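*Asks:* Pasting run.txt below, which is compact mmCIF, C-alpha atoms.
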# COMPACT_ATOMS: atom_id res chain seq x y z
CA MET A 1 101.43 68.70 13.31
CA THR A 2 103.75 71.44 12.03
CA ASN A 3 101.87 71.54 8.71
CA ILE A 4 98.57 72.11 10.50
CA LEU A 5 99.99 74.91 12.67
CA THR A 6 101.61 76.53 9.66
CA SER A 7 98.35 76.38 7.71
CA ILE A 8 96.42 77.92 10.60
CA ALA A 9 99.03 80.67 11.06
CA GLU A 10 98.93 81.41 7.32
CA GLU A 11 95.14 81.60 7.19
CA LEU A 12 94.87 83.83 10.28
CA SER A 13 97.67 86.10 9.05
CA ASN A 14 96.10 86.51 5.63
CA ARG A 15 92.68 87.24 7.12
CA LEU A 16 94.24 90.03 9.17
CA LEU A 17 96.16 91.34 6.17
CA ARG A 18 92.96 91.56 4.10
CA LEU A 19 91.73 94.11 6.65
CA ASP A 20 94.51 96.46 5.50
CA PRO A 21 94.58 96.71 1.67
CA GLU A 22 97.62 99.03 1.72
CA THR A 23 99.72 96.32 3.36
CA LEU A 24 98.58 93.84 0.72
CA GLU A 25 99.76 96.26 -1.97
CA ARG A 26 103.16 96.52 -0.28
CA PHE A 27 103.44 92.73 -0.15
CA ALA A 28 102.71 92.58 -3.89
CA ASP A 29 106.06 94.33 -4.43
CA LEU A 30 107.80 91.38 -2.72
CA ASP A 31 106.17 88.74 -4.91
CA GLY A 32 108.63 85.97 -5.75
CA LYS A 33 110.84 86.58 -2.69
CA VAL A 34 111.29 84.10 0.16
CA VAL A 35 111.82 85.21 3.77
CA LEU A 36 112.89 82.62 6.35
CA ILE A 37 111.91 83.37 9.95
CA ARG A 38 113.93 81.17 12.31
CA LEU A 39 113.34 81.09 16.06
CA LYS A 40 116.59 80.86 17.99
CA ASP A 41 116.85 78.01 20.51
CA SER A 42 114.05 76.19 18.71
CA SER A 43 113.56 74.09 15.63
CA LEU A 44 110.69 76.33 14.51
CA LYS A 45 111.15 78.04 11.19
CA PHE A 46 108.75 79.50 8.67
CA TYR A 47 109.36 80.22 5.01
CA ILE A 48 107.22 83.18 4.03
CA ARG A 49 106.49 83.95 0.38
CA PRO A 50 104.73 87.32 0.03
CA PHE A 51 102.35 88.10 -2.83
CA GLY A 52 99.57 90.59 -3.50
CA GLY A 53 97.00 88.61 -1.51
CA GLY A 54 99.13 88.22 1.63
CA PHE A 55 101.71 85.49 2.00
CA ARG A 56 102.17 81.76 1.86
CA MET A 57 103.84 80.02 4.78
CA SER A 58 105.55 76.65 4.95
CA HIS A 59 108.02 74.98 7.26
CA GLU A 60 110.02 73.57 4.33
CA TRP A 61 111.29 75.08 1.09
CA ASP A 62 113.53 73.45 -1.50
CA LYS A 63 115.52 76.59 -2.37
CA ALA A 64 117.66 79.02 -0.41
CA PRO A 65 115.65 81.95 0.99
CA ASP A 66 116.40 85.47 -0.18
CA VAL A 67 116.78 86.58 3.45
CA THR A 68 116.83 84.86 6.84
CA LEU A 69 115.75 86.59 10.05
CA THR A 70 116.87 84.73 13.18
CA GLY A 71 115.98 85.69 16.73
CA SER A 72 114.18 84.66 19.88
CA ALA A 73 110.40 84.80 20.09
CA PHE A 74 110.93 87.65 22.56
CA ALA A 75 113.04 89.59 20.02
CA PHE A 76 110.39 89.17 17.33
CA ALA A 77 107.73 90.34 19.81
CA LYS A 78 109.84 93.45 20.47
CA LEU A 79 110.17 93.95 16.72
CA ALA A 80 106.38 93.88 16.36
CA THR A 81 105.76 96.36 19.17
CA SER A 82 108.68 98.78 18.93
CA GLU A 83 108.71 101.94 16.85
CA SER A 84 112.23 101.31 15.54
CA ASP A 85 113.92 98.05 14.65
CA THR A 86 117.42 99.55 14.42
CA ASP A 87 118.45 98.57 17.96
CA LEU A 88 117.28 94.99 17.50
CA PHE A 89 119.42 94.57 14.40
CA PHE A 90 122.35 96.64 15.72
CA LYS A 91 122.46 94.71 19.01
CA ARG A 92 122.15 91.49 16.99
CA GLU A 93 119.01 90.39 18.82
CA ILE A 94 117.68 89.64 15.35
CA LEU A 95 120.22 88.53 12.78
CA ILE A 96 119.74 89.18 9.07
CA GLU A 97 121.47 86.97 6.53
CA GLY A 98 121.15 87.39 2.79
CA ASP A 99 119.34 90.34 1.24
CA THR A 100 119.37 92.74 4.21
CA ALA A 101 117.37 95.38 2.33
CA LEU A 102 114.60 92.81 1.78
CA GLY A 103 114.68 91.84 5.46
CA ARG A 104 114.32 95.45 6.58
CA ARG A 105 111.61 96.10 4.00
CA PHE A 106 109.64 93.02 5.11
CA SER A 107 109.93 94.19 8.72
CA HIS A 108 108.77 97.71 7.84
CA ILE A 109 105.76 96.41 5.88
CA LEU A 110 104.60 94.45 8.91
CA LYS A 111 105.18 97.44 11.19
CA LYS A 112 102.92 99.57 8.97
CA LEU A 113 100.06 97.10 9.27
CA ASP A 114 97.13 99.29 10.26
CA ILE A 115 93.91 97.51 11.12
CA ASP A 116 91.09 99.62 12.51
CA TRP A 117 90.05 97.23 15.27
CA GLU A 118 87.65 99.76 16.77
CA GLU A 119 85.72 100.00 13.50
CA ILE A 120 85.45 96.22 13.23
CA ALA A 121 84.41 95.84 16.88
CA SER A 122 81.87 98.67 16.61
CA HIS A 123 79.76 96.55 14.24
CA TYR A 124 79.32 93.99 17.02
CA VAL A 125 79.35 95.96 20.29
CA GLY A 126 78.62 99.57 19.32
CA ASP A 127 80.84 102.64 19.01
CA VAL A 128 81.18 103.51 22.71
CA VAL A 129 82.19 100.04 23.88
CA ALA A 130 84.52 99.59 20.89
CA HIS A 131 86.22 102.90 21.69
CA GLN A 132 86.70 101.86 25.34
CA PHE A 133 88.21 98.55 24.24
CA GLY A 134 90.44 100.47 21.85
CA ASN A 135 91.76 102.61 24.70
CA ILE A 136 92.47 99.50 26.77
CA ALA A 137 94.25 97.86 23.83
CA ARG A 138 96.41 100.95 23.20
CA ASP A 139 97.37 101.11 26.87
CA ALA A 140 98.20 97.38 26.87
CA ARG A 141 100.32 97.75 23.75
CA GLN A 142 102.25 100.64 25.29
CA TRP A 143 102.77 98.65 28.49
CA THR A 144 103.96 95.62 26.48
CA SER A 145 106.37 97.78 24.51
CA ASP A 146 107.73 99.39 27.68
CA ALA A 147 108.06 96.01 29.41
CA ALA A 148 109.85 94.49 26.40
CA GLU A 149 112.26 97.42 26.31
CA THR A 150 112.93 97.18 30.06
CA LEU A 151 113.44 93.41 29.99
CA GLY A 152 115.72 93.73 26.98
CA LYS A 153 118.15 95.95 28.89
Now, as a test, write the supplied structure out as structure tokens.
*Replies:*
Amino acid sequence: MTNILTSIAEELSNRLLRLDPETLERFADLDGKVVLIRLKDSSLKFYIRPFGGGFRMSHEWDKAPDVTLTGSAFAFAKLATSESDTDLFFKREILIEGDTALGRRFSHILKKLDIDWEEIASHYVGDVVAHQFGNIARDARQWTSDAAETLGK
């Protein structure tokens, strides 16, 4: 079952990444590196191997990763929605072992992911509706970020 979930997560992630060519270029610079994402209090872990077309994911890898990021699912959600990751690493909500520069770089690449959802949606529902959905999504993201920050205190 884990292989199926990993394959689905990889395919969905790479489809999203293809919508932002600049992020793909940044991942190309990490080709050959292995990032282990480990969820605290869980047996879930993902080995991520970036390359120019996105990244490969697996739940097993026969070599030591270049960097390991360990944290709760909540901490990784905060990482994805917060402007700065410094507090998460400083407060040890997410632990970095190994090549810390690679871990920070990987995190920053994902933070810079910029998909124009409104443009994509406008092809299906029109510009006005897509813009309204975009406003709702931005408000929801801000609320999620604020809630994550409040709950983290």
*Asks:* For A:Pro65, which residue among A:Ser43, A:Lys78, A:Thr100, A:Leu17 is the nearest when counting all atoms listed in the file?
*Replies:*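 Counting all atoms listed in the file, the residue closest to A:Pro65 is A:Thr100.
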*Asks:* Of the residues A:Gln142, A:Ser13, A:Phe51, A:Phe74, which is the one nearest to A:Ile94, using all atoms listed in the file?
*Replies:*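 Of A:Gln142, A:Ser13, A:Phe51, A:Phe74, the one nearest A:Ile94 is A:Phe74, counting all atoms listed in the file.
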*Asks:* I need the residue nearest A:Leu95 from this list: A:Val34, A:Leu16, A:Leu5, A:Leu39. Use all atoms listed in the file for the distance.
*Replies:*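 Closest residue, counting all atoms listed in the file: A:Leu39.
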*Asks:* Pick out the closest residue to A:Lys63 from this set: A:Lys33, A:Asn3, A:Leu44, A:Thr150. Count only C-alpha atoms.
*Replies:* A:Lys33
*Asks:* Measure the distance from atom CA of A:Arg138 to atom CA of A:Ala77 in Å and round it to one decimal.
*Replies:*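 These two atoms are separated by 15.9 Å.
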*Asks:* Mind dumping a table of every stretch 7-89 of chain A residue within 10 Å of stretch 112-127 of chain A, with the nearest atom pair and its distance in Å to one decimal, using only C-alpha atoms, sorted by chain and rising number, as CSV?
*Replies:*
residue,atom,partner,partner_atom,distance
A:Leu16,CA,A:Ile115,CA,7.7
A:Leu17,CA,A:Leu113,CA,7.6
A:Arg18,CA,A:Ile115,CA,9.3
A:Leu19,CA,A:Ile115,CA,6.0
A:Asp20,CA,A:Ile115,CA,5.7
A:Pro21,CA,A:Asp114,CA,9.3
A:Glu22,CA,A:Leu113,CA,8.2
A:Thr23,CA,A:Leu113,CA,6.0
A:Leu24,CA,A:Leu113,CA,9.3
A:Arg26,CA,A:Lys112,CA,9.7
A:Ala80,CA,A:Lys112,CA,9.9
*Asks:* Tell me which of A:Arg141, A:Asp29, A:Tyr47, A:Val35 sits closest to A:Gly103, counting only C-alpha atoms.
*Replies:*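 That would be A:Val35, the residue with the smallest distance to A:Gly103.
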*Asks:* Here's a test: counting all atoms listed in the file, identify every protein, DNA and RNA residue with an atom at most 9 Å from (97.3, 82.7, 3.6) in the file's coordinate frame, and state them as a PyMOL selection string.
*Replies:* chain A and resi 7-15+53-57
*Asks:* How many Å separate atom CA of A:Thr6 from atom CA of A:Ser58?
*Replies:* 6.1 Å
*Asks:* Please measure the separation of atom CA of A:Glu25 and atom CA of A:Thr68, giving the value in Å to one decimal.
*Replies:*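 Here the two named atoms are 22.3 Å from each other.
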*Asks:* Given the choices A:Leu36, A:Ala147, A:Leu110, A:Leu79, which gets closest to A:Trp61 if the distance is worked out from only C-alpha atoms?
*Replies:*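 Of A:Leu36, A:Ala147, A:Leu110, A:Leu79, the one nearest A:Trp61, counting only C-alpha atoms, is A:Leu36.
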